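Structure file target_6.cif with mmCIF, C-alpha atoms:
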data_my_file
#
loop_
_atom_site.label_atom_id
_atom_site.label_comp_id
_atom_site.auth_asym_id
_atom_site.auth_seq_id
_atom_site.Cartn_x
_atom_site.Cartn_y
_atom_site.Cartn_z
CA MET A 1 34.54 23.72 3.39
CA THR A 2 31.08 22.64 4.47
CA GLY A 3 29.69 23.18 0.97
CA ASP A 4 32.44 20.99 -0.53
CA LEU A 5 31.69 18.26 2.02
CA VAL A 6 27.97 18.33 1.20
CA PHE A 7 28.76 18.15 -2.50
CA LEU A 8 31.04 15.15 -1.96
CA VAL A 9 28.37 13.36 0.09
CA ILE A 10 25.70 13.98 -2.56
CA ALA A 11 28.03 12.90 -5.37
CA GLY A 12 28.97 9.76 -3.46
CA GLY A 13 25.32 8.87 -2.85
CA VAL A 14 24.43 9.37 -6.51
CA PHE A 15 27.43 7.33 -7.66
CA SER A 16 26.65 4.49 -5.24
CA THR A 17 23.00 4.34 -6.30
CA LEU A 18 23.90 4.33 -10.00
CA ALA A 19 26.48 1.60 -9.45
CA LEU A 20 23.91 -0.51 -7.57
CA LEU A 21 21.35 -0.08 -10.36
CA ILE A 22 23.91 -1.01 -13.01
CA VAL A 23 24.88 -4.15 -11.12
CA LEU A 24 21.29 -5.21 -10.57
CA PHE A 25 19.98 -4.59 -14.08
CA SER A 26 23.05 -5.55 -16.05
CA ASN A 27 22.91 -8.83 -17.92
CA ASP A 28 25.51 -11.56 -17.82
CA LYS A 29 28.94 -11.16 -19.26
CA THR A 30 29.67 -11.61 -22.95
CA GLY A 31 30.63 -15.25 -22.56
CA ARG A 32 27.44 -16.05 -20.70
CA LYS A 33 25.39 -14.19 -23.28
CA ALA A 34 26.94 -16.25 -26.07
CA ALA A 35 26.35 -19.48 -24.15
CA THR A 36 22.73 -18.51 -23.54
CA ARG A 37 22.16 -17.79 -27.24
CA LEU A 38 23.75 -21.10 -28.24
CA ALA A 39 21.59 -22.96 -25.72
CA LYS A 40 18.43 -21.34 -27.08
CA VAL A 41 19.35 -22.22 -30.67
CA ARG A 42 20.16 -25.78 -29.65
CA GLU A 43 16.92 -26.33 -27.77
CA ARG A 44 14.91 -24.78 -30.61
CA HIS A 45 16.30 -27.07 -33.31
CA SER A 46 17.06 -30.18 -31.31
CA SER A 47 14.71 -33.13 -30.92
CA SER A 48 16.60 -34.67 -28.00
CA LYS A 49 14.49 -35.25 -24.89
CA ASN A 50 17.40 -34.31 -22.61
CA VAL A 51 17.82 -30.91 -24.28
CA ILE A 52 14.07 -30.24 -24.06
CA ALA A 53 13.99 -31.25 -20.39
CA GLU A 54 16.95 -28.99 -19.57
CA ALA A 55 15.23 -26.05 -21.28
CA GLN A 56 12.04 -26.63 -19.29
CA MET A 57 13.97 -26.81 -16.00
CA ARG A 58 15.79 -23.55 -16.80
CA ARG A 59 12.45 -21.78 -17.34
CA ILE A 60 11.08 -23.15 -14.07
CA VAL A 61 14.17 -22.12 -12.07
CA ALA A 62 14.18 -18.66 -13.68
CA ALA A 63 10.61 -18.08 -12.44
CA ARG A 64 11.58 -18.58 -8.79
CA ASP A 65 12.24 -15.74 -6.38
CA THR A 66 15.81 -14.54 -6.09
CA ARG A 67 17.55 -13.69 -2.85
CA LEU A 68 16.91 -10.00 -3.45
CA ASP A 69 13.19 -10.69 -3.88
CA SER A 70 13.13 -12.55 -0.57
CA VAL A 71 14.78 -9.60 1.19
CA PHE A 72 12.03 -7.18 0.19
CA SER A 73 9.15 -9.66 0.45
CA GLY A 74 8.36 -8.70 4.03
CA PHE A 75 8.11 -4.95 3.29
CA LEU A 76 5.60 -5.07 0.42
CA PRO A 77 1.86 -5.11 1.17
CA ASN A 78 0.86 -6.84 -2.07
CA LYS A 79 3.84 -8.72 -3.43
CA ALA A 80 1.77 -11.22 -5.45
CA GLU A 81 0.08 -8.49 -7.51
CA LEU A 82 3.39 -6.71 -8.15
CA LYS A 83 5.02 -9.97 -9.19
CA LYS A 84 2.15 -10.65 -11.57
CA ARG A 85 2.55 -7.20 -13.17
CA LEU A 86 6.27 -7.76 -13.62
CA GLN A 87 5.61 -11.13 -15.26
CA GLN A 88 3.16 -9.49 -17.65
CA THR A 89 5.97 -7.29 -19.00
CA GLY A 90 7.76 -10.34 -20.39
CA LYS A 91 11.01 -9.19 -18.77
CA SER A 92 13.10 -11.05 -16.23
CA TRP A 93 12.65 -8.35 -13.61
CA GLY A 94 12.08 -9.36 -10.03
CA VAL A 95 10.35 -7.67 -7.13
CA GLY A 96 13.68 -6.83 -5.54
CA GLN A 97 14.95 -5.12 -8.68
CA TYR A 98 11.73 -3.11 -8.90
CA VAL A 99 12.07 -1.93 -5.29
CA VAL A 100 15.74 -1.02 -5.75
CA ALA A 101 14.89 0.92 -8.93
CA THR A 102 12.18 2.80 -7.02
CA LEU A 103 14.55 3.68 -4.19
CA GLY A 104 17.34 4.61 -6.60
CA ILE A 105 15.20 6.98 -8.67
CA GLY A 106 13.79 8.61 -5.54
CA VAL A 107 17.20 9.09 -3.89
CA ILE A 108 18.94 10.38 -7.03
CA LEU A 109 16.17 12.81 -7.88
CA THR A 110 15.88 14.04 -4.28
CA LEU A 111 19.60 14.70 -4.00
CA ALA A 112 19.68 16.38 -7.41
CA LEU A 113 16.79 18.71 -6.57
CA ILE A 114 18.18 19.62 -3.15
CA SER A 115 21.61 20.29 -4.61
CA ALA A 116 19.96 22.51 -7.27
CA GLY A 117 18.50 24.73 -4.55
CA MET A 118 15.01 23.34 -4.05
CA PRO A 119 13.76 23.26 -0.44
CA VAL A 120 14.37 19.99 1.36
CA ILE A 121 10.70 19.17 1.99
CA MET A 122 9.68 19.82 -1.58
CA GLY A 123 12.70 17.94 -2.94
CA ILE A 124 11.87 14.89 -0.83
CA ALA A 125 8.20 15.03 -1.85
CA VAL A 126 9.02 15.25 -5.57
CA GLY A 127 11.66 12.53 -5.26
CA VAL A 128 9.30 10.12 -3.49
CA LEU A 129 6.49 10.85 -5.97
CA MET A 130 8.68 10.31 -9.03
CA GLY A 131 10.36 7.28 -7.48
CA LEU A 132 6.96 5.62 -7.11
CA ALA A 133 5.48 6.87 -10.39
CA VAL A 134 8.29 6.24 -12.89
CA PRO A 135 8.74 2.46 -12.33
CA HIS A 136 4.97 1.96 -12.10
CA ALA A 137 4.38 3.86 -15.35
CA THR A 138 7.23 2.03 -17.08
CA VAL A 139 5.81 -1.36 -16.13
CA GLY A 140 2.34 -0.26 -17.30
CA ILE A 141 3.70 0.88 -20.68
CA LEU A 142 5.54 -2.41 -21.20
CA ILE A 143 2.42 -4.40 -20.27
CA LYS A 144 0.28 -2.44 -22.75
CA ARG A 145 2.88 -2.87 -25.48
CA ARG A 146 3.08 -6.61 -24.86
CA LEU A 147 -0.70 -7.04 -24.79
CA LYS A 148 -0.99 -5.07 -28.03
CA ASP A 149 1.49 -7.41 -29.70
CA PHE A 150 -0.34 -10.42 -28.28
CA ASN A 151 -3.78 -9.30 -29.48
CA HIS A 152 -2.38 -8.45 -32.91
CA ARG A 153 -0.90 -11.92 -33.50
CA PHE A 154 -3.41 -14.02 -31.57
CA PRO A 155 -5.98 -14.49 -34.41
CA ASP A 156 -3.18 -15.74 -36.67
CA ALA A 157 -2.12 -18.18 -33.96
CA ILE A 158 -5.68 -19.52 -33.70
CA GLU A 159 -5.79 -19.96 -37.47
CA LEU A 160 -2.52 -21.92 -37.33
CA LEU A 161 -3.93 -24.01 -34.48
CA THR A 162 -7.06 -24.65 -36.57
CA ARG A 163 -5.02 -25.83 -39.54
CA GLY A 164 -3.08 -28.18 -37.26
CA LEU A 165 -6.31 -29.68 -35.91
CA ARG A 166 -7.72 -30.14 -39.41
CA SER A 167 -4.54 -31.94 -40.49
CA GLY A 168 -5.01 -34.49 -37.68
CA LEU A 169 -2.73 -33.19 -34.94
CA PRO A 170 -3.96 -33.30 -31.30
CA VAL A 171 -4.56 -30.09 -29.38
CA GLY A 172 -1.38 -30.35 -27.33
CA GLU A 173 0.82 -30.89 -30.36
CA SER A 174 -0.91 -28.06 -32.24
CA ILE A 175 -0.24 -25.68 -29.33
CA SER A 176 3.43 -26.70 -29.38
CA VAL A 177 3.60 -25.95 -33.12
CA VAL A 178 2.05 -22.52 -32.55
CA GLY A 179 4.65 -21.80 -29.86
CA GLN A 180 7.47 -22.67 -32.26
CA GLU A 181 6.16 -20.95 -35.39
CA VAL A 182 4.49 -17.74 -34.16
CA PRO A 183 6.98 -15.02 -33.12
CA GLY A 184 6.60 -12.48 -30.33
CA THR A 185 4.48 -12.66 -27.22
CA VAL A 186 2.03 -15.25 -28.57
CA GLY A 187 4.80 -17.74 -29.24
CA GLN A 188 6.25 -17.23 -25.75
CA GLU A 189 2.92 -17.83 -24.03
CA PHE A 190 2.07 -20.92 -26.09
CA ARG A 191 5.54 -22.35 -25.43
CA SER A 192 4.92 -21.75 -21.74
CA VAL A 193 1.66 -23.70 -21.94
CA SER A 194 3.37 -26.53 -23.80
CA ASP A 195 6.18 -26.69 -21.23
CA LYS A 196 3.73 -26.85 -18.33
CA VAL A 197 1.84 -29.71 -19.98
CA ARG A 198 5.07 -31.63 -20.55
CA ILE A 199 6.05 -31.43 -16.87
CA GLY A 200 2.70 -32.83 -15.73
CA ARG A 201 0.17 -29.99 -15.64
CA THR A 202 -3.22 -30.56 -17.19
CA MET A 203 -4.08 -28.62 -20.33
CA ASP A 204 -6.97 -26.77 -18.66
CA LEU A 205 -4.86 -25.72 -15.67
CA ALA A 206 -1.94 -24.58 -17.83
CA LEU A 207 -4.21 -22.52 -20.08
CA GLN A 208 -6.05 -20.96 -17.12
CA GLU A 209 -2.80 -19.97 -15.42
CA THR A 210 -1.65 -18.28 -18.63
CA ALA A 211 -5.02 -16.53 -19.00
CA ASP A 212 -4.83 -15.23 -15.41
CA ARG A 213 -1.32 -13.92 -15.96
CA ILE A 214 -2.05 -12.25 -19.32
CA GLY A 215 -5.37 -10.79 -18.21
CA THR A 216 -6.75 -10.21 -21.71
CA PRO A 217 -10.33 -11.16 -22.69
CA GLU A 218 -9.21 -12.58 -26.04
CA PHE A 219 -7.20 -15.40 -24.48
CA GLN A 220 -9.93 -16.01 -21.92
CA PHE A 221 -12.35 -16.56 -24.82
CA PHE A 222 -9.93 -19.14 -26.20
CA VAL A 223 -9.68 -20.97 -22.86
CA ILE A 224 -13.46 -21.02 -22.45
CA THR A 225 -13.87 -22.35 -25.99
CA LEU A 226 -11.52 -25.26 -25.33
CA ALA A 227 -13.19 -26.02 -21.98
CA ILE A 228 -16.68 -26.09 -23.53
CA GLN A 229 -15.48 -28.31 -26.38
CA ARG A 230 -13.99 -30.78 -23.92
CA GLU A 231 -17.33 -31.00 -22.08
CA THR A 232 -19.74 -31.06 -25.01
CA GLY A 233 -17.65 -32.25 -27.95
CA GLY A 234 -18.10 -31.01 -31.50
CA ASN A 235 -15.89 -29.67 -34.26
CA LEU A 236 -13.14 -27.80 -32.43
CA ALA A 237 -11.46 -26.60 -35.63
CA GLU A 238 -14.65 -24.92 -36.84
CA THR A 239 -15.25 -23.36 -33.42
CA LEU A 240 -11.73 -21.92 -33.28
CA SER A 241 -12.06 -20.60 -36.83
CA ASN A 242 -15.21 -18.74 -35.82
CA LEU A 243 -13.41 -17.43 -32.72
CA ALA A 244 -10.55 -16.07 -34.85
CA ASP A 245 -13.08 -14.28 -37.06
CA VAL A 246 -14.80 -12.77 -33.99
CA LEU A 247 -11.47 -11.57 -32.59
CA ARG A 248 -10.54 -9.90 -35.88
CA LYS A 249 -13.89 -8.11 -35.99
CA ARG A 250 -13.40 -7.09 -32.36
CA MET A 251 -10.00 -5.60 -33.23
CA GLN A 252 -11.52 -3.72 -36.19
CA MET A 253 -14.19 -2.28 -33.90
CA LYS A 254 -11.51 -1.10 -31.46
CA LEU A 255 -9.67 0.67 -34.27
CA LYS A 256 -12.88 2.38 -35.42
CA ILE A 257 -13.66 3.59 -31.90
CA ARG A 258 -10.09 4.81 -31.49
CA ALA A 259 -10.38 6.82 -34.71
CA MET A 260 -13.75 8.30 -33.69
CA SER A 261 -12.49 9.32 -30.23
CA SER A 262 -9.12 10.68 -31.40
CA GLU A 263 -10.42 14.27 -31.58
CA SER A 264 -11.74 14.15 -28.02
CA LYS A 265 -8.47 12.64 -26.78
CA ALA A 266 -6.45 15.35 -28.51
CA SER A 267 -8.62 18.02 -26.87
CA ALA A 268 -8.14 16.39 -23.47
CA TYR A 269 -4.37 16.29 -23.95
CA ILE A 270 -4.24 19.96 -24.97
CA VAL A 271 -6.46 21.14 -22.11
CA GLY A 272 -4.54 19.05 -19.57
CA SER A 273 -1.08 20.16 -20.67
CA LEU A 274 -1.89 23.84 -21.28
CA PRO A 275 -1.42 25.03 -17.63
CA PHE A 276 1.99 23.38 -17.40
CA ILE A 277 3.08 24.82 -20.75
CA VAL A 278 2.00 28.33 -19.71
CA PHE A 279 3.77 27.94 -16.35
CA ALA A 280 7.00 26.85 -18.07
CA MET A 281 6.83 29.71 -20.58
CA ILE A 282 6.24 32.37 -17.92
CA TYR A 283 8.97 30.95 -15.70
CA THR A 284 11.37 30.99 -18.65
CA LEU A 285 10.60 34.63 -19.43
CA ASP A 286 10.48 35.90 -15.83
CA PRO A 287 11.79 33.43 -13.21
CA GLU A 288 11.26 35.83 -10.32
CA TYR A 289 7.53 36.15 -11.04
CA LEU A 290 6.90 32.45 -10.33
CA GLY A 291 9.96 31.78 -8.19
CA GLY A 292 7.85 31.87 -5.04
CA PHE A 293 6.34 28.48 -5.92
CA PHE A 294 9.76 26.95 -5.17
CA THR A 295 10.57 28.91 -2.00
CA ASP A 296 7.33 30.01 -0.27
CA THR A 297 5.62 27.23 1.69
CA ARG A 298 2.15 28.72 1.13
CA LEU A 299 2.61 28.80 -2.62
CA MET A 300 3.95 25.24 -2.53
CA VAL A 301 0.76 24.08 -0.83
CA ILE A 302 -1.38 25.99 -3.34
CA GLY A 303 0.62 24.54 -6.25
CA ALA A 304 0.29 21.01 -4.87
CA GLY A 305 -3.48 21.47 -4.47
CA ALA A 306 -3.76 22.79 -8.03
CA PHE A 307 -1.78 19.83 -9.31
CA VAL A 308 -4.10 17.42 -7.48
CA TRP A 309 -7.20 19.08 -8.96
CA MET A 310 -5.62 19.05 -12.42
CA SER A 311 -4.86 15.36 -12.02
CA ILE A 312 -8.48 14.66 -11.04
CA GLY A 313 -9.73 16.58 -14.06
CA ALA A 314 -7.30 14.78 -16.39
CA PHE A 315 -8.41 11.43 -14.96
CA ILE A 316 -12.08 12.27 -15.53
CA MET A 317 -11.42 13.39 -19.11
CA ALA A 318 -9.41 10.23 -19.77
CA ARG A 319 -12.27 8.07 -18.51
CA MET A 320 -14.80 9.99 -20.61
CA VAL A 321 -12.92 9.23 -23.85
CA SER A 322 -12.08 5.63 -22.90
CA PHE A 323 -14.37 2.96 -24.35
CA GLU A 324 -14.42 -0.72 -23.50
CA ILE A 325 -15.52 -3.37 -25.97
#

Would you kindly transcribe this structure into structure tokens?
Amino acid sequence: MTGDLVFLVIAGGVFSTLALLIVLFSNDKTGRKAATRLAKVRERHSSSKNVIAEAQMRRIVAARDTRLDSVFSGFLPNKAELKKRLQQTGKSWGVGQYVVATLGIGVILTLALISAGMPVIMGIAVGVLMGLAVPHATVGILIKRRLKDFNHRFPDAIELLTRGLRSGLPVGESISVVGQEVPGTVGQEFRSVSDKVRIGRTMDLALQETADRIGTPEFQFFVITLAIQRETGGNLAETLSNLADVLRKRMQMKLKIRAMSSESKASAYIVGSLPFIVFAMIYTLDPEYLGGFFTDTRLMVIGAGAFVWMSIGAFIMARMVSFEI
């Protein structure tokens, strides 16, 4: 009877956490999705000032903190940095959703491990570790993917901006054209700059805010180039054309270094994963031989220490094969 009660409690906790995550991360209903798509199409192809103003206000309101973000704001030590990382993903995730996802993953994994027979202390430790690591790693992967897309399309955007300047368009109008014509992350960021300028921000401030949020040297080069041109004058189109050429050569150099260091990275991956592969193979063949690592407290401590040392070694190898340009 007690075992059935424990099972019902665990199942109820897992179901409640999953339901909460689904509610928080689910999008609007089908009707709202269709209305949102129609609004985006209308604001993209409409020249009405009212439609453009409504689109800008929607973006500004969407960037504000939600009620869930305000609830968890007092418990986070560095909310501003976390909010900046979430903005860099390009998703509409808030700080509150991130915290709930962390708690949900930790609770579900802890309950699953305890119900599978793992000791309570070890189950809680693994659940807390994975609950903190999985959302952080997911956000990092999305940021890297978005920056890769941005750096890939950014030289083309500068070339389009250069052609607009040579045809007689001002800088602000050329940036707006780039935001409309270039797809992906670059178009989103340039549209953001154009929207900020239209609501009263200066061009330098809007560009610097975008550069601080993106955090990539390529866009910082672009901002510095525009700032220097405003102070000293000169042919901005020619300067931006040279900048696009430098960025392309920089990207080619990164690809060459990645190809030259691929062998060292493969060796680091093999050496780092080999102990875990051997452990899994031995445990599969003879579970009793390594079963003490899941039941004996002394072996748990030894295993945790070995994992920490392996993590340090993997971090050192990763830094040795990482090159900055």

Report as an mmCIF file with C-alpha atoms, keeping the file's coordinate frame the full result of the PyMOL selection byres ((chain A and resi 179) around 8) when it is applied to this structure.
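New file result_3.cif:
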data_model
loop_
_atom_site.group_PDB
_atom_site.id
_atom_site.type_symbol
_atom_site.label_atom_id
_atom_site.label_comp_id
_atom_site.auth_asym_id
_atom_site.auth_seq_id
_atom_site.Cartn_x
_atom_site.Cartn_y
_atom_site.Cartn_z
ATOM 1 C CA ILE A 175 -0.240 -25.680 -29.330
ATOM 2 C CA SER A 176 3.430 -26.700 -29.380
ATOM 3 C CA VAL A 177 3.600 -25.950 -33.120
ATOM 4 C CA VAL A 178 2.050 -22.520 -32.550
ATOM 5 C CA GLN A 180 7.470 -22.670 -32.260
ATOM 6 C CA GLU A 181 6.160 -20.950 -35.390
ATOM 7 C CA VAL A 182 4.490 -17.740 -34.160
ATOM 8 C CA PRO A 183 6.980 -15.020 -33.120
ATOM 9 C CA VAL A 186 2.030 -15.250 -28.570
ATOM 10 C CA GLY A 187 4.800 -17.740 -29.240
ATOM 11 C CA GLN A 188 6.250 -17.230 -25.750
ATOM 12 C CA GLU A 189 2.920 -17.830 -24.030
ATOM 13 C CA PHE A 190 2.070 -20.920 -26.090
ATOM 14 C CA ARG A 191 5.540 -22.350 -25.430
ATOM 15 C CA SER A 194 3.370 -26.530 -23.800
#

*Expand the PyMOL selection byres ((chain A and resi 227-242) around 8) into the individual residues it matches in the shown file, reporting them as a PyMOL selection string.*
chain A and resi 158-159+162-163+165-166+204+222-226+243-246

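Interatomic distance, atom CA of A:Val128 against atom CA of A:Val99: 12.5 Å.
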
Do you know which residues are at most 12 Å from A:Gly313 counting only C-alpha atoms, after dropping those on the same chain fewer than 3 positions away, and could you put them as an NGL selection string?
:A and (268-269 or 271-273 or 306-310 or 316-320)

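Of the listed residues A:Ala137, A:Leu103, A:Gln208, A:Val321, the one whose atoms come nearest to A:Lys265 is A:Val321, with distances taken using only C-alpha atoms.
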
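Shortest separation to A:Leu255 among A:His136, A:His152, A:Lys196, A:Arg298 occurs at residue A:His152, atoms counted being only C-alpha atoms.
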
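Atom CA of A:Ile257 sits 9.4 Å away from atom CA of A:Ser322.
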
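Atom pair atom CA of A:Phe150 / atom CA of A:Ala314: separated by 28.7 Å.
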
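Among the candidate residues A:Asp286, A:Asp296, A:Glu218, A:Asp149, the one lying nearest to A:Thr89 is A:Asp149, with distances computed using all atoms listed in the file.
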